[in-house]
Structure formats: C-alpha cells, structure tokens
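Enquirer: Provided herewith: model04.pdb, PDB, C-alpha atoms.
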```pdb
ATOM      1  CA  GLN P1061       3.798   6.582 -14.051
ATOM      2  CA  VAL P1062       6.173   4.146 -15.755
ATOM      3  CA  ARG P1063       4.939   0.577 -16.143
ATOM      4  CA  LEU P1064       6.990  -2.458 -17.121
ATOM      5  CA  GLU P1065       5.799  -5.418 -19.169
ATOM      6  CA  GLU P1066       7.747  -8.600 -19.800
ATOM      7  CA  SER P1067       7.427 -10.910 -22.790
ATOM      8  CA  GLY P1068       9.276 -13.797 -24.378
ATOM      9  CA  GLY P1069       8.869 -16.531 -21.802
ATOM     10  CA  GLY P1070       7.929 -20.075 -22.688
ATOM     11  CA  LEU P1071       8.913 -23.726 -22.691
ATOM     12  CA  VAL P1072      12.368 -24.656 -23.923
ATOM     13  CA  GLN P1073      14.480 -27.800 -23.819
ATOM     14  CA  PRO P1074      17.680 -27.956 -21.767
ATOM     15  CA  GLY P1075      20.508 -26.352 -23.699
ATOM     16  CA  GLY P1076      18.117 -24.102 -25.581
ATOM     17  CA  SER P1077      17.795 -20.334 -25.680
ATOM     18  CA  LEU P1078      15.193 -17.687 -24.998
ATOM     19  CA  ARG P1079      15.191 -13.911 -25.143
ATOM     20  CA  LEU P1080      13.081 -11.989 -22.662
ATOM     21  CA  SER P1081      11.998  -8.408 -23.237
ATOM     22  CA  CYS P1082      10.948  -5.754 -20.741
ATOM     23  CA  ALA P1083       9.165  -2.781 -22.272
ATOM     24  CA  ALA P1084       8.651   0.409 -20.276
ATOM     25  CA  SER P1085       5.600   2.563 -20.899
ATOM     26  CA  GLY P1086       7.572   5.747 -20.280
ATOM     27  CA  ARG P1087      10.988   7.188 -20.833
ATOM     28  CA  ILE P1088      13.929   5.299 -19.362
ATOM     29  CA  PHE P1089      17.058   7.299 -18.626
ATOM     30  CA  SER P1090      20.627   6.090 -18.580
ATOM     31  CA  TRP P1091      20.843   6.474 -14.785
ATOM     32  CA  ASN P1092      17.825   4.230 -14.191
ATOM     33  CA  VAL P1093      19.052   0.846 -13.074
ATOM     34  CA  MET P1094      17.118  -1.988 -14.692
ATOM     35  CA  GLY P1095      17.280  -5.574 -13.593
ATOM     36  CA  TRP P1096      15.941  -9.077 -13.961
ATOM     37  CA  PHE P1097      14.872 -11.229 -11.037
ATOM     38  CA  ARG P1098      13.402 -14.723 -10.890
ATOM     39  CA  GLN P1099      11.390 -16.804  -8.487
ATOM     40  CA  ALA P1100      11.109 -20.573  -8.666
ATOM     41  CA  PRO P1101       8.285 -22.475  -6.946
ATOM     42  CA  GLY P1102       8.889 -22.696  -3.223
ATOM     43  CA  LYS P1103      11.928 -20.417  -3.370
ATOM     44  CA  GLU P1104      12.587 -16.767  -2.663
ATOM     45  CA  ARG P1105      13.000 -14.261  -5.441
ATOM     46  CA  GLU P1106      16.614 -13.935  -6.532
ATOM     47  CA  PHE P1107      18.640 -11.437  -8.501
ATOM     48  CA  VAL P1108      19.619 -12.474 -12.023
ATOM     49  CA  ALA P1109      21.215  -9.474 -13.747
ATOM     50  CA  SER P1110      21.202  -5.678 -13.868
ATOM     51  CA  THR P1111      22.284  -2.897 -16.175
ATOM     52  CA  ARG P1112      22.871   0.824 -15.758
ATOM     53  CA  TRP P1113      24.317   3.769 -17.644
ATOM     54  CA  SER P1114      22.727   2.635 -20.899
ATOM     55  CA  GLY P1115      24.249  -0.814 -20.587
ATOM     56  CA  SER P1116      27.863   0.161 -19.992
ATOM     57  CA  VAL P1117      27.702  -1.350 -16.510
ATOM     58  CA  THR P1118      26.251  -4.820 -15.979
ATOM     59  CA  ASP P1119      26.118  -7.273 -13.119
ATOM     60  CA  TYR P1120      25.196 -10.971 -13.048
ATOM     61  CA  ALA P1121      24.412 -13.642 -10.529
ATOM     62  CA  GLU P1122      27.129 -16.286 -10.450
ATOM     63  CA  SER P1123      24.652 -18.935 -11.524
ATOM     64  CA  VAL P1124      24.023 -17.253 -14.892
ATOM     65  CA  LYS P1125      27.409 -15.744 -15.739
ATOM     66  CA  GLY P1126      28.589 -16.775 -19.164
ATOM     67  CA  ARG P1127      25.118 -17.983 -20.167
ATOM     68  CA  PHE P1128      22.875 -14.922 -19.842
ATOM     69  CA  THR P1129      23.397 -11.482 -21.347
ATOM     70  CA  ILE P1130      21.508  -8.369 -20.285
ATOM     71  CA  PHE P1131      21.257  -5.380 -22.585
ATOM     72  CA  ARG P1132      19.011  -2.391 -23.111
ATOM     73  CA  ASP P1133      17.903   0.082 -25.736
ATOM     74  CA  ASP P1134      17.044   3.311 -23.958
ATOM     75  CA  ALA P1135      15.724   4.879 -27.164
ATOM     76  CA  LYS P1136      13.068   2.154 -27.180
ATOM     77  CA  SER P1137      12.779   2.059 -23.381
ATOM     78  CA  THR P1138      13.303  -1.685 -23.556
ATOM     79  CA  MET P1139      15.579  -4.096 -21.748
ATOM     80  CA  TYR P1140      16.400  -7.644 -22.783
ATOM     81  CA  LEU P1141      17.756 -10.833 -21.275
ATOM     82  CA  GLN P1142      19.332 -13.270 -23.701
ATOM     83  CA  MET P1143      19.410 -16.686 -22.058
ATOM     84  CA  ASN P1144      21.559 -19.416 -23.584
ATOM     85  CA  SER P1145      22.479 -22.925 -22.447
ATOM     86  CA  LEU P1146      19.361 -23.060 -20.323
ATOM     87  CA  LYS P1147      19.151 -25.572 -17.515
ATOM     88  CA  PRO P1148      16.139 -27.048 -15.701
ATOM     89  CA  GLU P1149      17.162 -25.056 -12.620
ATOM     90  CA  ASP P1150      16.574 -21.851 -14.596
ATOM     91  CA  THR P1151      12.847 -22.602 -14.501
ATOM     92  CA  ALA P1152      11.119 -19.707 -12.769
ATOM     93  CA  VAL P1153       8.942 -16.657 -13.190
ATOM     94  CA  TYR P1154      11.194 -13.900 -14.482
ATOM     95  CA  SER P1155      10.367 -10.305 -13.594
ATOM     96  CA  CYS P1156      11.970  -7.063 -14.647
ATOM     97  CA  ALA P1157      12.372  -4.103 -12.348
ATOM     98  CA  ALA P1158      13.704  -0.566 -12.473
ATOM     99  CA  THR P1159      14.774   2.227 -10.166
ATOM    100  CA  ILE P1160      12.439   4.958 -11.409
ATOM    101  CA  ARG P1161      11.566   7.147  -8.412
ATOM    102  CA  SER P1162      14.362   6.208  -6.028
ATOM    103  CA  GLY P1163      17.625   4.317  -5.787
ATOM    104  CA  ASN P1164      15.722   1.133  -5.049
ATOM    105  CA  TYR P1165      13.843  -1.159  -7.412
ATOM    106  CA  ASP P1166      10.446   0.525  -7.089
ATOM    107  CA  THR P1167       8.796  -0.439 -10.371
ATOM    108  CA  TRP P1168       8.101  -4.066 -11.288
ATOM    109  CA  GLY P1169       6.558  -5.990 -14.138
ATOM    110  CA  GLN P1170       4.076  -8.840 -13.727
ATOM    111  CA  GLY P1171       6.534 -11.542 -14.707
ATOM    112  CA  THR P1172       6.829 -14.143 -17.451
ATOM    113  CA  GLN P1173       7.158 -17.896 -16.988
ATOM    114  CA  VAL P1174      10.258 -19.683 -18.235
ATOM    115  CA  THR P1175      10.192 -23.475 -18.134
ATOM    116  CA  VAL P1176      13.220 -25.542 -19.070
ATOM    117  CA  SER P1177      12.249 -29.164 -19.527
ATOM    118  CA  SER P1178      12.626 -32.036 -21.937
TER
END
```
I need this file expressed as structure tokens, please.

Expert:
Amino acid sequence: QVRLEESGGGLVQPGGSLRLSCAASGRIFSWNVMGWFRQAPGKEREFVASTRWSGSVTDYAESVKGRFTIFRDDAKSTMYLQMNSLKPEDTAVYSCAATIRSGNYDTWGQGTQVTVSS
C-alpha cells in the first residue's frame, strides 16, 4: 500500500518562499495523478495544483497561478510544490494526494502546516 508523507512546511514572512515535498512509500507511475490541496481554519479543503504524466501536464488554482510551481520526480516517487510570493491568505494545512487505486484521489498524506505571517 502506497503512503504519502509531506514535509517542508513552516513559518514564513509575506513575500517569502517555501518548498513542500511529498514522498511516496511505493512506486509512482506517470499515469498517477498527484496533487496538492490546502485547508485553512474554518474553511473547506481546496485544490491547489496537480500534475500527471510525469509532470508534462499541470493544473493550478487561479489563486496560486504564477506564484506556485508543482513538479515531480517519478524516479524518486516524490512530488514538490515550490511556493513563491507567499501571502497571509496562503496560510493553511497543505496535503498531498494521489490517484493510486482509482481515478479519484484515494491516497492522502497527513498534511503540513504553512503559516505566512510577519
């Protein structure tokens, strides 16, 4: 059974950068869609970005376009989220997910906290 584990969260000032990592315990194939989601206090979980076909296809939420970059290294079974120009409204728990057994996101990590504050 594939497990996902996020790392790289923390406290950063507005305008700063962070890179999140999502490591899979098993093999990730090019057709597995991998994505990042986030949930802020009192809000529903929202989609941030996704990648498929070894990174050749990516998708972003409008709120992060131009600031966040998703990429993956299938040889290392790891996905990343490079976050630049961070804003206080980016504060949330960020979770990675993957479509391992089906076409839906069926495998999730525990999440990592990102706090953007001065």

Enquirer: What lies within 10 Å of region 1148-1157 of chain P using all atoms listed in the file, ignoring chain neighbours under 3 positions off, as JSON, numbers by chain?

Expert: {"P": [1063, 1064, 1065, 1066, 1067, 1069, 1070, 1071, 1072, 1073, 1074, 1075, 1080, 1081, 1082, 1083, 1084, 1093, 1094, 1095, 1096, 1097, 1098, 1099, 1100, 1101, 1103, 1105, 1106, 1107, 1108, 1109, 1110, 1123, 1124, 1139, 1140, 1141, 1143, 1145, 1160, 1164, 1165, 1166, 1167, 1168, 1169, 1170, 1171, 1172, 1173, 1174, 1175, 1176, 1177, 1178]}

Enquirer: Starting from the PyMOL selection byres ((chain P and resi 1134) around 7), expand the selection into actual residues of this file and give them as JSON, numbers by chain.

Expert: {"P": [1088, 1089, 1114, 1132, 1133, 1135, 1136, 1137, 1138]}

Enquirer: Report, in Å with one decimal, the straight-line distance from CA of Arg1161 (chain P) to CA of Arg1112 (chain P).

Expert: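 Going from CA of Arg1161 (chain P) over to CA of Arg1112 (chain P), I get 14.9 Å.
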
Enquirer: Could you state the separation of CA of Leu1146 (chain P) and CA of Gly1126 (chain P) in Å, given to one decimal place?

Expert: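 Separation of CA of Leu1146 (chain P) and CA of Gly1126 (chain P): 11.2 Å.
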
Enquirer: Between CA of Thr1111 (chain P) and CA of Ile1130 (chain P), what distance in Å does the model show, to one decimal?

Expert: 6.9 Å

Enquirer: Taking all listed atoms of region 1100-1112 of chain P, build the axis-aligned box, pad each of the six sides by 3 Å, then write its centre and edge lengths in Å to one decimal as JSON.

Expert:
```
{"center_x": 15.6, "center_y": -10.9, "center_z": -9.4, "size_x": 20.6, "size_y": 29.5, "size_z": 19.5}
```
